[in-house]
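Asker: Following this line is my_file07.csv, made up of CSV, C-alpha atoms:
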```
chain,number,residue,atom,x,y,z
A,1191,MET,CA,112.8,108.9,65.5
A,1192,ASN,CA,115.2,111.6,66.5
A,1193,ARG,CA,113.1,114.5,67.6
A,1194,ASP,CA,114.1,118.0,66.6
A,1195,PRO,CA,115.7,119.8,69.6
A,1196,LEU,CA,113.3,122.6,68.7
A,1197,PHE,CA,110.6,120.6,70.6
A,1198,GLY,CA,112.7,119.5,73.6
A,1199,SER,CA,110.8,121.8,76.1
A,1200,LEU,CA,107.7,119.6,75.6
A,1201,ASP,CA,109.4,116.5,76.9
A,1202,PRO,CA,107.7,115.3,80.1
A,1203,SER,CA,109.7,114.2,83.2
A,1204,ALA,CA,109.2,110.7,84.7
A,1205,ALA,CA,107.5,112.4,87.6
A,1206,ASP,CA,104.9,114.1,85.3
A,1207,LEU,CA,104.1,110.8,83.7
A,1208,ALA,CA,103.9,108.9,87.0
A,1209,THR,CA,101.4,111.5,88.4
A,1210,LEU,CA,99.3,111.3,85.2
A,1211,HIS,CA,99.4,107.5,85.2
A,1212,ALA,CA,98.2,107.4,88.9
A,1213,ARG,CA,95.4,109.9,88.2
A,1214,LEU,CA,94.4,107.9,85.2
A,1215,ALA,CA,94.0,104.7,87.3
A,1216,THR,CA,91.4,106.6,89.5
A,1217,ALA,CA,89.5,108.2,86.7
A,1218,ALA,CA,89.5,105.0,84.5
A,1219,ALA,CA,88.5,102.7,87.3
A,1220,PRO,CA,85.0,101.9,85.9
A,1221,ASP,CA,86.6,100.7,82.6
A,1222,THR,CA,89.5,98.8,84.2
A,1223,ASP,CA,88.9,95.0,84.1
A,1224,VAL,CA,92.0,94.1,86.0
A,1225,ALA,CA,93.8,96.3,88.6
A,1226,TYR,CA,97.2,95.4,89.8
A,1227,ILE,CA,100.1,96.4,92.0
A,1228,THR,CA,103.5,95.0,92.9
A,1229,MET,CA,104.7,94.9,96.5
A,1230,GLN,CA,107.8,93.9,98.4
A,1231,SER,CA,107.6,90.9,100.7
A,1232,PRO,CA,109.9,88.5,102.6
A,1233,ILE,CA,109.5,86.0,99.7
A,1234,GLY,CA,110.4,88.6,97.0
A,1235,GLU,CA,108.4,91.0,94.9
A,1236,LEU,CA,104.7,90.0,94.6
A,1237,LEU,CA,102.3,90.9,91.9
A,1238,LEU,CA,98.7,91.2,93.0
A,1239,ALA,CA,95.8,91.5,90.6
A,1240,SER,CA,92.0,92.0,91.2
A,1241,THR,CA,88.9,92.1,89.1
A,1242,GLU,CA,85.6,93.6,90.2
A,1243,ILE,CA,84.8,90.2,91.7
A,1244,GLY,CA,88.0,89.9,93.8
A,1245,LEU,CA,91.6,88.9,94.0
A,1246,VAL,CA,92.3,86.9,90.8
A,1247,ARG,CA,96.1,86.5,90.8
A,1248,VAL,CA,99.1,86.5,93.1
A,1249,ALA,CA,102.4,85.9,91.4
A,1250,PHE,CA,106.0,85.9,92.5
A,1251,GLN,CA,109.4,85.2,91.0
A,1252,TRP,CA,108.2,85.7,87.5
A,1253,ALA,CA,111.6,85.9,85.7
A,1254,ASP,CA,110.5,83.1,83.3
A,1255,HIS,CA,106.9,84.2,82.7
A,1256,ASP,CA,104.9,87.3,82.3
A,1257,PRO,CA,101.8,87.2,84.7
A,1258,LEU,CA,100.4,90.6,83.4
A,1259,GLN,CA,100.4,89.3,79.8
A,1260,GLU,CA,98.8,86.1,81.0
A,1261,LEU,CA,96.1,88.1,82.6
A,1262,ALA,CA,95.6,90.2,79.5
A,1263,ASP,CA,95.3,87.0,77.4
A,1264,ALA,CA,93.1,85.1,79.9
A,1265,ILE,CA,90.8,87.9,81.2
A,1266,SER,CA,91.1,91.2,79.5
A,1267,PRO,CA,93.9,93.6,78.3
A,1268,ARG,CA,92.1,96.5,80.1
A,1269,ILE,CA,94.7,96.3,82.9
A,1270,LEU,CA,96.0,99.3,84.9
A,1271,ARG,CA,98.2,99.7,88.0
A,1272,SER,CA,95.9,100.8,90.8
A,1273,PRO,CA,97.2,100.9,94.4
A,1274,LYS,CA,93.8,102.0,95.6
A,1275,ARG,CA,92.0,98.9,94.4
A,1276,LEU,CA,94.5,96.6,96.0
A,1277,ARG,CA,95.1,98.5,99.3
A,1278,GLN,CA,93.1,96.0,101.4
A,1279,VAL,CA,94.9,93.0,99.8
A,1280,ALA,CA,98.3,94.5,100.4
A,1281,GLN,CA,97.5,95.4,104.0
A,1282,GLN,CA,96.3,91.8,104.7
A,1283,LEU,CA,99.4,90.4,103.1
A,1284,ASP,CA,101.7,92.7,105.0
A,1285,ALA,CA,100.0,91.6,108.3
A,1286,TYR,CA,100.3,88.0,107.3
A,1287,PHE,CA,104.1,88.4,106.7
A,1288,ASP,CA,104.3,90.3,110.0
A,1289,GLY,CA,102.8,87.2,111.7
A,1290,THR,CA,99.8,89.2,112.9
A,1291,ARG,CA,97.2,87.8,110.5
A,1292,ARG,CA,96.3,84.1,110.2
A,1293,HIS,CA,93.3,84.3,107.8
A,1294,PHE,CA,92.7,86.3,104.7
A,1295,ASP,CA,89.3,88.0,104.7
A,1296,LEU,CA,89.1,88.8,101.0
A,1297,PRO,CA,86.8,88.1,98.0
A,1298,PHE,CA,88.5,85.8,95.5
A,1299,ASP,CA,87.8,85.6,91.8
A,1300,MET,CA,88.5,81.9,91.0
A,1301,ARG,CA,87.9,82.1,87.2
A,1302,LEU,CA,91.5,81.0,86.4
A,1303,SER,CA,90.8,77.6,87.8
A,1304,HIS,CA,88.3,75.1,86.6
A,1305,GLY,CA,87.1,71.6,87.4
A,1306,PHE,CA,89.2,69.4,89.6
A,1307,ARG,CA,91.8,72.1,90.1
A,1308,ARG,CA,89.2,74.4,91.5
A,1309,GLU,CA,88.1,71.6,93.9
A,1310,VAL,CA,91.7,71.2,95.1
A,1311,LEU,CA,91.9,75.0,95.8
A,1312,ASP,CA,88.7,74.7,97.9
A,1313,ALA,CA,90.3,71.8,99.8
A,1314,LEU,CA,93.5,73.9,100.4
A,1315,LEU,CA,91.4,76.6,102.0
A,1316,ARG,CA,90.4,74.0,104.7
A,1317,ILE,CA,94.0,73.5,105.8
A,1318,ASP,CA,94.5,75.6,108.9
A,1319,TYR,CA,97.2,78.2,109.5
A,1320,GLY,CA,100.2,76.5,111.0
A,1321,ALA,CA,99.1,73.0,109.9
A,1322,THR,CA,100.2,70.9,107.0
A,1323,ALA,CA,98.6,68.1,104.9
A,1324,SER,CA,99.9,65.6,102.5
A,1325,TYR,CA,99.1,65.4,98.8
A,1326,ALA,CA,97.2,62.2,99.6
A,1327,ASP,CA,95.2,63.9,102.4
A,1328,VAL,CA,94.1,66.6,100.0
A,1329,ALA,CA,93.2,64.0,97.3
A,1330,LEU,CA,91.1,62.2,100.0
A,1331,ASP,CA,89.4,65.5,100.9
A,1332,THR,CA,88.3,66.1,97.4
A,1333,GLY,CA,86.7,62.6,97.3
A,1334,ARG,CA,89.3,61.3,94.7
A,1335,PRO,CA,91.8,59.5,96.9
A,1336,LYS,CA,93.8,58.2,93.9
A,1337,ALA,CA,94.3,61.7,92.3
A,1338,VAL,CA,97.4,62.4,94.3
A,1339,ARG,CA,99.4,63.5,91.2
A,1340,ALA,CA,96.6,65.6,90.0
A,1341,VAL,CA,96.6,67.4,93.4
A,1342,GLY,CA,100.3,68.1,92.9
A,1343,THR,CA,99.6,69.6,89.5
A,1344,ALA,CA,96.7,71.7,90.8
A,1345,CYS,CA,98.9,73.0,93.6
A,1346,GLY,CA,101.6,73.9,91.1
A,1347,MET,CA,99.0,75.9,89.0
A,1348,ASN,CA,97.4,77.7,92.0
A,1349,PRO,CA,96.8,81.2,90.7
A,1350,LEU,CA,96.6,82.6,94.2
A,1351,PRO,CA,99.6,81.2,96.1
A,1352,VAL,CA,100.1,82.3,99.7
A,1353,VAL,CA,96.4,83.4,100.1
A,1354,ILE,CA,95.3,79.9,99.0
A,1355,PRO,CA,97.8,77.9,101.0
A,1356,CYS,CA,99.3,75.4,98.6
A,1357,HIS,CA,102.5,75.8,100.7
A,1358,ARG,CA,100.8,73.8,103.4
A,1359,VAL,CA,100.8,70.6,101.3
A,1360,ILE,CA,103.9,68.5,101.8
A,1361,ARG,CA,104.9,64.9,101.0
A,1362,SER,CA,103.7,62.0,103.1
A,1363,ASP,CA,107.3,61.4,104.3
A,1364,GLY,CA,107.4,64.9,105.8
A,1365,SER,CA,109.7,66.4,103.1
A,1366,LEU,CA,108.5,69.7,101.7
A,1367,GLY,CA,108.0,68.7,98.1
A,1368,GLN,CA,107.9,71.1,95.2
A,1369,TYR,CA,106.7,74.7,95.2
A,1370,GLY,CA,106.2,77.2,92.5
A,1371,GLY,CA,108.5,79.8,94.1
A,1372,GLY,CA,111.1,77.1,95.2
A,1373,THR,CA,111.4,75.0,98.2
A,1374,GLU,CA,113.1,77.8,100.2
A,1375,VAL,CA,110.0,80.0,99.8
A,1376,LYS,CA,107.8,77.1,101.0
A,1377,ARG,CA,110.1,76.7,104.0
A,1378,THR,CA,110.0,80.4,104.8
A,1379,LEU,CA,106.2,80.4,104.7
A,1380,LEU,CA,105.8,77.3,106.9
A,1381,GLU,CA,108.4,78.6,109.4
A,1382,LEU,CA,106.5,81.9,109.5
A,1383,GLU,CA,103.3,80.0,110.4
A,1384,GLY,CA,105.2,77.9,113.0
A,1385,ALA,CA,104.3,74.7,111.1
A,1386,LEU,CA,107.9,73.2,111.2
A,1387,ASP,CA,108.4,73.4,114.9
B,1311,MET,CA,97.4,70.3,66.7
B,1312,GLU,CA,98.4,70.7,63.1
B,1313,GLN,CA,95.5,73.2,62.6
B,1314,ALA,CA,97.1,75.3,65.4
B,1315,LEU,CA,100.4,75.3,63.6
B,1316,LEU,CA,98.8,76.4,60.3
B,1317,THR,CA,96.9,79.3,61.8
B,1318,PRO,CA,99.2,81.0,64.3
B,1319,ARG,CA,97.6,83.1,67.0
B,1320,PRO,CA,97.8,86.8,66.4
B,1321,PRO,CA,100.4,88.6,68.5
B,1322,ALA,CA,99.3,89.0,72.1
B,1323,LYS,CA,97.7,92.4,73.0
B,1324,PRO,CA,99.9,94.0,75.7
B,1325,PRO,CA,98.3,94.9,79.1
B,1326,PHE,CA,97.0,98.5,78.8
B,1327,SER,CA,99.3,99.7,81.6
B,1328,ARG,CA,102.2,98.9,79.2
B,1329,VAL,CA,100.5,100.9,76.5
B,1330,VAL,CA,100.5,103.9,78.9
B,1331,GLU,CA,104.1,103.3,79.8
B,1332,SER,CA,105.2,103.0,76.2
B,1333,HIS,CA,103.3,105.8,74.6
B,1334,GLY,CA,102.3,108.2,77.5
B,1335,ALA,CA,105.2,110.5,76.8
B,1336,THR,CA,104.5,110.9,73.1
B,1337,VAL,CA,100.8,111.5,73.8
B,1338,LEU,CA,101.6,114.1,76.4
B,1339,ARG,CA,104.0,115.9,74.0
B,1340,VAL,CA,101.2,116.0,71.5
B,1341,CYS,CA,98.6,117.3,74.0
B,1342,ARG,CA,101.1,120.0,75.2
B,1343,ALA,CA,101.9,121.2,71.8
B,1344,LEU,CA,98.3,121.3,70.7
B,1345,LEU,CA,96.7,122.8,73.9
B,1346,GLY,CA,99.4,124.3,76.0
B,1347,PRO,CA,100.1,123.7,79.7
B,1348,VAL,CA,96.7,124.1,81.3
B,1349,ASP,CA,94.6,121.8,79.2
B,1350,ALA,CA,97.2,119.2,78.2
B,1351,ASP,CA,96.9,117.0,81.3
B,1352,ASP,CA,93.2,116.8,81.0
B,1353,ALA,CA,93.3,115.9,77.3
B,1354,TRP,CA,96.0,113.3,78.0
B,1355,GLN,CA,93.7,111.7,80.6
B,1356,GLU,CA,90.7,111.8,78.3
B,1357,THR,CA,92.7,110.3,75.5
B,1358,PHE,CA,93.7,107.3,77.6
B,1359,ILE,CA,90.3,106.8,79.1
B,1360,ALA,CA,88.8,106.7,75.6
B,1361,ALA,CA,91.6,104.4,74.5
B,1362,LEU,CA,91.1,102.0,77.4
B,1363,ARG,CA,87.4,101.7,76.5
B,1364,ALA,CA,88.1,100.9,72.9
B,1365,TYR,CA,91.2,98.8,73.5
B,1366,PRO,CA,89.5,95.4,73.3
B,1367,ASP,CA,88.3,96.2,69.8
B,1368,VAL,CA,91.7,97.4,68.4
B,1369,PRO,CA,93.2,94.7,66.2
B,1370,SER,CA,96.3,93.1,67.8
B,1371,GLY,CA,99.4,94.2,66.0
B,1372,ALA,CA,97.9,97.6,65.2
B,1373,ASN,CA,100.2,100.7,65.4
B,1374,LEU,CA,99.1,101.8,68.9
B,1375,GLU,CA,101.0,105.1,68.9
B,1376,ALA,CA,99.3,106.3,65.7
B,1377,TRP,CA,95.9,105.1,67.1
B,1378,LEU,CA,96.5,107.1,70.3
B,1379,VAL,CA,97.6,110.2,68.4
B,1380,THR,CA,94.4,110.0,66.4
B,1381,ILE,CA,92.3,109.9,69.7
B,1382,ALA,CA,94.4,112.8,71.1
B,1383,HIS,CA,93.8,114.8,68.0
B,1384,ARG,CA,90.0,114.5,68.5
B,1385,LYS,CA,90.3,115.3,72.2
B,1386,ALA,CA,92.4,118.3,71.5
B,1387,ILE,CA,89.9,119.6,69.0
B,1388,ASP,CA,87.1,119.1,71.6
B,1389,ALA,CA,89.2,120.9,74.2
B,1390,ALA,CA,90.0,123.8,71.9
B,1391,ARG,CA,86.3,124.3,71.1
B,1392,ALA,CA,85.3,124.1,74.7
B,1393,ARG,CA,88.0,126.7,75.5
B,1394,LYS,CA,86.5,129.1,73.0
B,1395,ARG,CA,83.2,128.8,74.7
B,1396,ARG,CA,84.7,129.5,78.1
B,1397,PRO,CA,84.5,133.1,79.4
B,1398,THR,CA,87.7,135.2,78.9
B,1399,PRO,CA,90.3,133.8,81.3
B,1400,THR,CA,91.4,136.0,84.1
B,1401,ALA,CA,94.7,135.9,86.0
B,1402,GLU,CA,93.2,133.8,88.7
B,1403,VAL,CA,93.6,130.0,88.6
B,1404,PRO,CA,90.1,128.5,87.9
B,1405,GLU,CA,88.8,126.6,90.9
B,1406,ARG,CA,88.3,123.4,89.0
B,1407,GLN,CA,92.0,123.2,88.3
B,1408,VAL,CA,92.9,121.0,91.2
B,1409,ALA,CA,96.3,119.8,90.1
B,1410,GLN,CA,99.1,122.0,88.9
B,1411,PRO,CA,99.7,121.7,85.2
B,1412,SER,CA,102.7,119.6,84.5
B,1413,LEU,CA,104.2,122.0,82.0
B,1414,PRO,CA,105.1,125.7,82.6
B,1415,ALA,CA,104.2,128.0,79.7
B,1416,THR,CA,107.1,128.2,77.4
B,1417,ALA,CA,108.2,130.3,74.5
B,1418,LEU,CA,107.7,127.3,72.3
B,1419,TRP,CA,104.1,126.7,73.3
B,1420,LEU,CA,103.3,130.4,72.8
B,1421,ALA,CA,104.8,130.2,69.3
B,1422,LEU,CA,102.9,127.0,68.5
B,1423,ALA,CA,99.7,128.6,69.6
B,1424,ASP,CA,100.2,131.5,67.2
B,1425,LEU,CA,100.6,129.2,64.2
B,1426,PRO,CA,97.6,128.7,61.9
B,1427,ASP,CA,95.8,125.5,62.9
B,1428,ARG,CA,96.8,123.5,59.9
B,1429,GLN,CA,100.5,124.3,60.3
B,1430,ARG,CA,100.3,123.5,64.0
B,1431,HIS,CA,98.6,120.2,63.4
B,1432,ALA,CA,101.0,119.1,60.7
B,1433,VAL,CA,104.1,120.1,62.8
B,1434,VAL,CA,102.7,118.2,65.9
B,1435,TYR,CA,101.7,115.0,64.1
B,1436,HIS,CA,104.9,114.7,62.0
B,1437,HIS,CA,107.6,116.3,64.1
B,1438,ILE,CA,106.4,115.6,67.6
B,1439,ALA,CA,104.2,112.4,67.2
B,1440,GLY,CA,106.4,111.0,64.5
B,1441,LEU,CA,103.6,110.0,62.1
B,1442,ALA,CA,104.5,109.6,58.4
B,1443,TYR,CA,103.1,112.4,56.1
B,1444,ARG,CA,100.7,109.8,54.7
B,1445,GLN,CA,99.2,109.3,58.2
B,1446,VAL,CA,99.3,113.1,58.9
B,1447,ALA,CA,97.4,113.7,55.7
B,1448,GLN,CA,94.7,111.2,56.6
B,1449,LEU,CA,94.3,112.7,60.1
B,1450,MET,CA,94.0,116.2,58.7
B,1451,ASP,CA,91.8,115.1,55.8
B,1452,THR,CA,94.2,116.6,53.2
B,1453,SER,CA,96.8,115.5,50.7
B,1454,GLU,CA,100.2,114.3,51.6
B,1455,SER,CA,101.9,117.1,49.8
B,1456,ALA,CA,99.7,119.7,51.5
B,1457,ALA,CA,100.6,118.1,54.9
B,1458,ARG,CA,104.3,118.2,54.1
B,1459,LYS,CA,104.1,121.9,53.1
B,1460,ALA,CA,102.1,122.9,56.2
B,1461,ALA,CA,104.7,121.2,58.4
B,1462,SER,CA,107.6,122.7,56.6
B,1463,ASP,CA,106.1,126.2,56.7
B,1464,GLY,CA,105.2,125.8,60.4
B,1465,VAL,CA,108.7,124.7,61.4
B,1466,ALA,CA,110.2,127.6,59.4
B,1467,SER,CA,108.1,130.2,61.3
B,1468,LEU,CA,108.8,128.5,64.6
B,1469,ARG,CA,112.5,128.8,63.9
B,1470,ILE,CA,112.3,132.5,63.0
B,1471,ARG,CA,110.2,133.3,66.0
B,1472,LEU,CA,112.3,131.4,68.5
B,1473,LYS,CA,115.7,132.1,67.0
B,1474,ASP,CA,118.6,129.7,67.2
B,1475,ASP,CA,119.8,130.6,70.6
B,1476,ASP,CA,116.5,129.7,72.2
B,1477,LEU,CA,116.3,126.3,70.7
B,1478,ARG,CA,118.4,124.2,73.0
```
Give the structure from the file, written as C-alpha cells.

Answerer:
Amino acid sequence: MNRDPLFGSLDPSAADLATLHARLATAAAPDTDVAYITMQSPIGELLLASTEIGLVRVAFQWADHDPLQELADAISPRILRSPKRLRQVAQQLDAYFDGTRRHFDLPFDMRLSHGFRREVLDALLRIDYGATASYADVALDTGRPKAVRAVGTACGMNPLPVVIPCHRVIRSDGSLGQYGGGTEVKRTLLELEGALD
Amino acid sequence: MEQALLTPRPPAKPPFSRVVESHGATVLRVCRALLGPVDADDAWQETFIAALRAYPDVPSGANLEAWLVTIAHRKAIDAARARKRRPTPTAEVPERQVAQPSLPATALWLALADLPDRQRHAVVYHHIAGLAYRQVAQLMDTSESAARKAASDGVASLRIRLKDDDLR
C-alpha cells in the first residue's frame, strides 16, 4: 500500500524499532519459549538458541536452511531475539574461540535428539578437548560397535555443534571426514584445540 | 507417504521475532496515531506481549497484520481509558516514564487527537494500518459505508487543519 504522505511523520526510524524490539525481549521473557542471538566467530556467524531448560541449538553457515524456522516448527514459534538470555553462552563461546576455555559449563536442552542419536551425543561429550576419536571408537563407546555409519549420521545431525564436539570425530585413517560446516571449519576447530599437532 | 501428499501441511508459522520485524513499524504507526507520543511505545509493547501469548493459537496463514492491528486497537482503547482516569498532566515528565518516547509531538498527532473518535479510528485503520473498509467496519462494529464516510471526513478535516504546505 502507498501510504498517504499526510501520515509520513508517524513513520518510525530503524533505531526506534530496534529499541522497542530489545525492550520487548525483556518484558516478554516469561512468554518466550525460545530465545536466540547471532554472534560473529572465527568459523562465521553463529546462531545460538536457548529454551528455559538450556542451550537447544547452535547453527552456522545456514545459507541453505533456516534454523529459526526449524525451531519454530520443532519447539514453538514463540521465539524472540534476546541477548540477555544468551549472554553466558556467548561469553563461553568467545572464550573457547580465544583458546582460554576448554569445557562448556552450560545446561543443554537435548530435546532435538532422540534414541541412538542422543546416545552418540552423550558419547561425544566424553571426548576430551584436544583429542580425537574415530567413528568406530564412538560406535564402540555407545555399545554398538557395528553402528559406525549411524554414528556418522548422528554427528551430521548434531543440533549443538562446537559445544557438543562432533568435530573431534575423524576417520580411522586419520583424514578429517565430513563436517556440517565443511572440512575447513573442522580443521580450524581442531587446530584451535591443538589436536592436529 | 501418499497420505502426506494428499493432505499438505499448513504453511509454517514464522518465528515470532520475524512477526515483530515485519509488522512492528505498522503497529507503531497505529499506536502513535491513536495515542500520541507518550503512550504509543507502551501500547506497542503490550500489543506484542499479548500477541506473543496468543500466537500458538493463531491459525497459520492468517493475516497477521490485521490480527495485530486488532490487538493494538484494544490496547489503545484501554490506554485511552486509563489516561482519562489519570490526574491532570503537568509539565513535568512523570517518574514512571523511564524511556524517552520515540516520537516527538507533531502537528499531525495533535490534529488526529482533535478528531472525533470514530473518524480517528477509521483514518488510522484504513489509511495508516492499510485495512480494507470491510475489516475497519468489523473492528469498529459499524457498516462498511459508515467506516468509509468516517475515514473520508477525517482525512478532509486533517487536510484543512494541516494545510498543504505542512504535509510533506

Asker: Please measure the separation of atom CA of Arg1328 of chain B and atom CA of Ala1386 of chain B, giving the value in Å to one decimal.

Answerer: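 Pair atom CA of Arg1328 of chain B / atom CA of Ala1386 of chain B returns 23.1 Å.
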
Asker: Identify every residue of chain B that has at least one atom within 7 Å of any atom of chain A, counting all atoms listed in the file, and report the result as a list in words.

Answerer: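 Filtering chain B at 7 Å from chain A with all atoms listed in the file gives Ala1322, Lys1323, Pro1324, Pro1325, Phe1326, Ser1327, Gly1334, Ala1335, Arg1339, Arg1342, Gln1355, Ile1359, Leu1362, Arg1363, Pro1366, Ser1412, His1437, Ile1438, Gly1440, Leu1477 and Arg1478 of chain B.
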
Asker: Write a file of the selected residues as an mmCIF file, in the coordinates of the input, keeping C-alpha atoms.

Answerer:
```
data_model
loop_
_atom_site.group_PDB
_atom_site.id
_atom_site.type_symbol
_atom_site.label_atom_id
_atom_site.label_comp_id
_atom_site.auth_asym_id
_atom_site.auth_seq_id
_atom_site.Cartn_x
_atom_site.Cartn_y
_atom_site.Cartn_z
ATOM 1 C CA ALA B 1322 99.300 89.000 72.100
ATOM 2 C CA LYS B 1323 97.700 92.400 73.000
ATOM 3 C CA PRO B 1324 99.900 94.000 75.700
ATOM 4 C CA PRO B 1325 98.300 94.900 79.100
ATOM 5 C CA PHE B 1326 97.000 98.500 78.800
ATOM 6 C CA SER B 1327 99.300 99.700 81.600
ATOM 7 C CA GLY B 1334 102.300 108.200 77.500
ATOM 8 C CA ALA B 1335 105.200 110.500 76.800
ATOM 9 C CA ARG B 1339 104.000 115.900 74.000
ATOM 10 C CA ARG B 1342 101.100 120.000 75.200
ATOM 11 C CA GLN B 1355 93.700 111.700 80.600
ATOM 12 C CA ILE B 1359 90.300 106.800 79.100
ATOM 13 C CA LEU B 1362 91.100 102.000 77.400
ATOM 14 C CA ARG B 1363 87.400 101.700 76.500
ATOM 15 C CA PRO B 1366 89.500 95.400 73.300
ATOM 16 C CA SER B 1412 102.700 119.600 84.500
ATOM 17 C CA HIS B 1437 107.600 116.300 64.100
ATOM 18 C CA ILE B 1438 106.400 115.600 67.600
ATOM 19 C CA GLY B 1440 106.400 111.000 64.500
ATOM 20 C CA LEU B 1477 116.300 126.300 70.700
ATOM 21 C CA ARG B 1478 118.400 124.200 73.000
#
```

Asker: For a test of reading the model, state the distance in Å between atom CA of Ala1423 of chain B and atom CA of Leu1374 of chain B, rounded to one decimal.

Answerer: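 That distance, rounded to one decimal, is 26.8 Å.
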
Asker: What does the distance from atom CA of Ala1323 of chain A to atom CA of Thr1343 of chain A come to in Å, to one decimal?

Answerer: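 Atom CA of Thr1343 of chain A lies 15.5 Å from atom CA of Ala1323 of chain A.
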
Asker: Of the candidates B:Leu1378, B:Leu1449, B:Ala1442, B:Ala1390, which shows the shortest atom-to-atom distance to Leu1344 of chain B, using only C-alpha atoms?

Answerer: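 Under the stated criterion, the closest residue is B:Ala1390.
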
Asker: Given the choices A:Val1328, A:Ile1227, A:Ile1233, A:Ala1340, which gets closest to Glu1374 of chain A if the distance is worked out from all atoms listed in the file?

Answerer: A:Ile1233

Asker: Taking into account all atoms listed in the file, which residue in the set A:Thr1373, A:Val1310, A:Ala1212, A:Ala1326 is nearest to Lys1274 of chain A?

Answerer: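 Checking each of A:Thr1373, A:Val1310, A:Ala1212, A:Ala1326 against Lys1274 of chain A, counting all atoms listed in the file, the winner is A:Ala1212.
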
Asker: Write out as a PyMOL selection string which residues come within 10 Å of Asp1288 of chain A when counting all atoms listed in the file, dropping same-chain ones fewer than 4 positions away.

Answerer: chain A and resi 1231-1232+1282-1284+1382

Asker: Can you tell me, as a list in words, what residues are no more than 12 Å from Arg1458 of chain B when counting all atoms listed in the file, ignoring any on the same chain fewer than 6 positions away?

Answerer: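 Near Arg1458 of chain B, the qualifying residues are Arg1428, Gln1429, Arg1430, His1431, Ala1432, Val1433, Val1434, Tyr1435, His1436, His1437, Leu1441, Ala1442, Tyr1443, Arg1444, Gln1445, Val1446, Ala1447, Met1450, Thr1452, Gly1464 and Val1465 of chain B.
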
Asker: For Lys1376 of chain A, please output as a tab-separated table (two decimals) with C-alpha atoms, in the frame of the given file all residues within 10 Å (counting all atoms listed in the file; exclusion window: fewer than 4 positions along the same chain).

Answerer:
```tsv
chain	number	residue	atom	x	y	z
A	1233	ILE	CA	109.50	86.00	99.70
A	1352	VAL	CA	100.10	82.30	99.70
A	1356	CYS	CA	99.30	75.40	98.60
A	1357	HIS	CA	102.50	75.80	100.70
A	1358	ARG	CA	100.80	73.80	103.40
A	1359	VAL	CA	100.80	70.60	101.30
A	1360	ILE	CA	103.90	68.50	101.80
A	1366	LEU	CA	108.50	69.70	101.70
A	1367	GLY	CA	108.00	68.70	98.10
A	1368	GLN	CA	107.90	71.10	95.20
A	1369	TYR	CA	106.70	74.70	95.20
A	1370	GLY	CA	106.20	77.20	92.50
A	1371	GLY	CA	108.50	79.80	94.10
A	1372	GLY	CA	111.10	77.10	95.20
A	1380	LEU	CA	105.80	77.30	106.90
A	1381	GLU	CA	108.40	78.60	109.40
A	1382	LEU	CA	106.50	81.90	109.50
```

Asker: Can you tell me, as a ChimeraX atom specification, which residues sit within 12 Å of (92.6, 108.8, 67.7) in the file's frame, using only C-alpha atoms?

Answerer: /B:1337,1340,1353-1354,1356-1362,1364-1365,1368,1373-1387,1435,1445-1446,1448-1450

Asker: Which residues, written as a list of chain:residue names, have at least one atom at most 8 Å from Tyr1319 of chain A, with all atoms listed in the file counted and residues fewer than 2 positions away on the same chain left out?

Answerer: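 With the cut-off at 8 Å, the set is A:Arg1292, A:His1293, A:Ile1317, A:Ala1321, A:Glu1383.
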
Asker: Take the residues from that selection and write them out as a compact mmCIF listing (two decimals), in the coordinates of the input, keeping C-alpha atoms.

Answerer:
```
# COMPACT_ATOMS: atom_id res chain seq x y z
CA ARG A 1292 96.30 84.10 110.20
CA HIS A 1293 93.30 84.30 107.80
CA ILE A 1317 94.00 73.50 105.80
CA ALA A 1321 99.10 73.00 109.90
CA GLU A 1383 103.30 80.00 110.40
```

Asker: Would you mind listing what lies within 8 Å of Leu1296 of chain A as a list of chain:residue names, with all atoms listed in the file counted and same-chain residues fewer than 6 positions away left out?

Answerer: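 Once the nearby chain positions are removed, what remains is A:Gly1244, A:Leu1245, A:Val1279.
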
Asker: Mind filling out segment 1331-1338 of chain B with N, CA, C and O atoms and sending it as a short mmCIF file (atom, residue, chain, number, x, y, z; two decimals), in the frame of the given file?

Answerer:
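New file part22.cif:
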```
data_model
loop_
_atom_site.label_atom_id
_atom_site.label_comp_id
_atom_site.auth_asym_id
_atom_site.auth_seq_id
_atom_site.Cartn_x
_atom_site.Cartn_y
_atom_site.Cartn_z
N GLU B 1331 102.66 103.14 79.59
CA GLU B 1331 104.10 103.30 79.80
C GLU B 1331 104.86 103.58 78.53
O GLU B 1331 105.77 104.40 78.49
N SER B 1332 104.49 102.87 77.47
CA SER B 1332 105.20 103.00 76.20
C SER B 1332 104.92 104.30 75.46
O SER B 1332 105.79 104.85 74.81
N HIS B 1333 103.67 104.74 75.51
CA HIS B 1333 103.30 105.80 74.60
C HIS B 1333 102.78 107.08 75.39
O HIS B 1333 102.43 108.07 74.76
N GLY B 1334 102.78 107.02 76.73
CA GLY B 1334 102.30 108.20 77.50
C GLY B 1334 103.08 109.44 77.22
O GLY B 1334 102.49 110.52 77.13
N ALA B 1335 104.39 109.32 77.05
CA ALA B 1335 105.20 110.50 76.80
C ALA B 1335 104.88 111.17 75.49
O ALA B 1335 104.72 112.39 75.41
N THR B 1336 104.77 110.36 74.44
CA THR B 1336 104.50 110.90 73.10
C THR B 1336 103.09 111.61 73.13
O THR B 1336 102.93 112.72 72.62
N VAL B 1337 102.10 110.94 73.75
CA VAL B 1337 100.80 111.50 73.80
C VAL B 1337 100.78 112.85 74.58
O VAL B 1337 100.12 113.82 74.20
N LEU B 1338 101.58 112.89 75.64
CA LEU B 1338 101.60 114.10 76.40
C LEU B 1338 102.31 115.25 75.62
O LEU B 1338 101.86 116.41 75.64
#
```
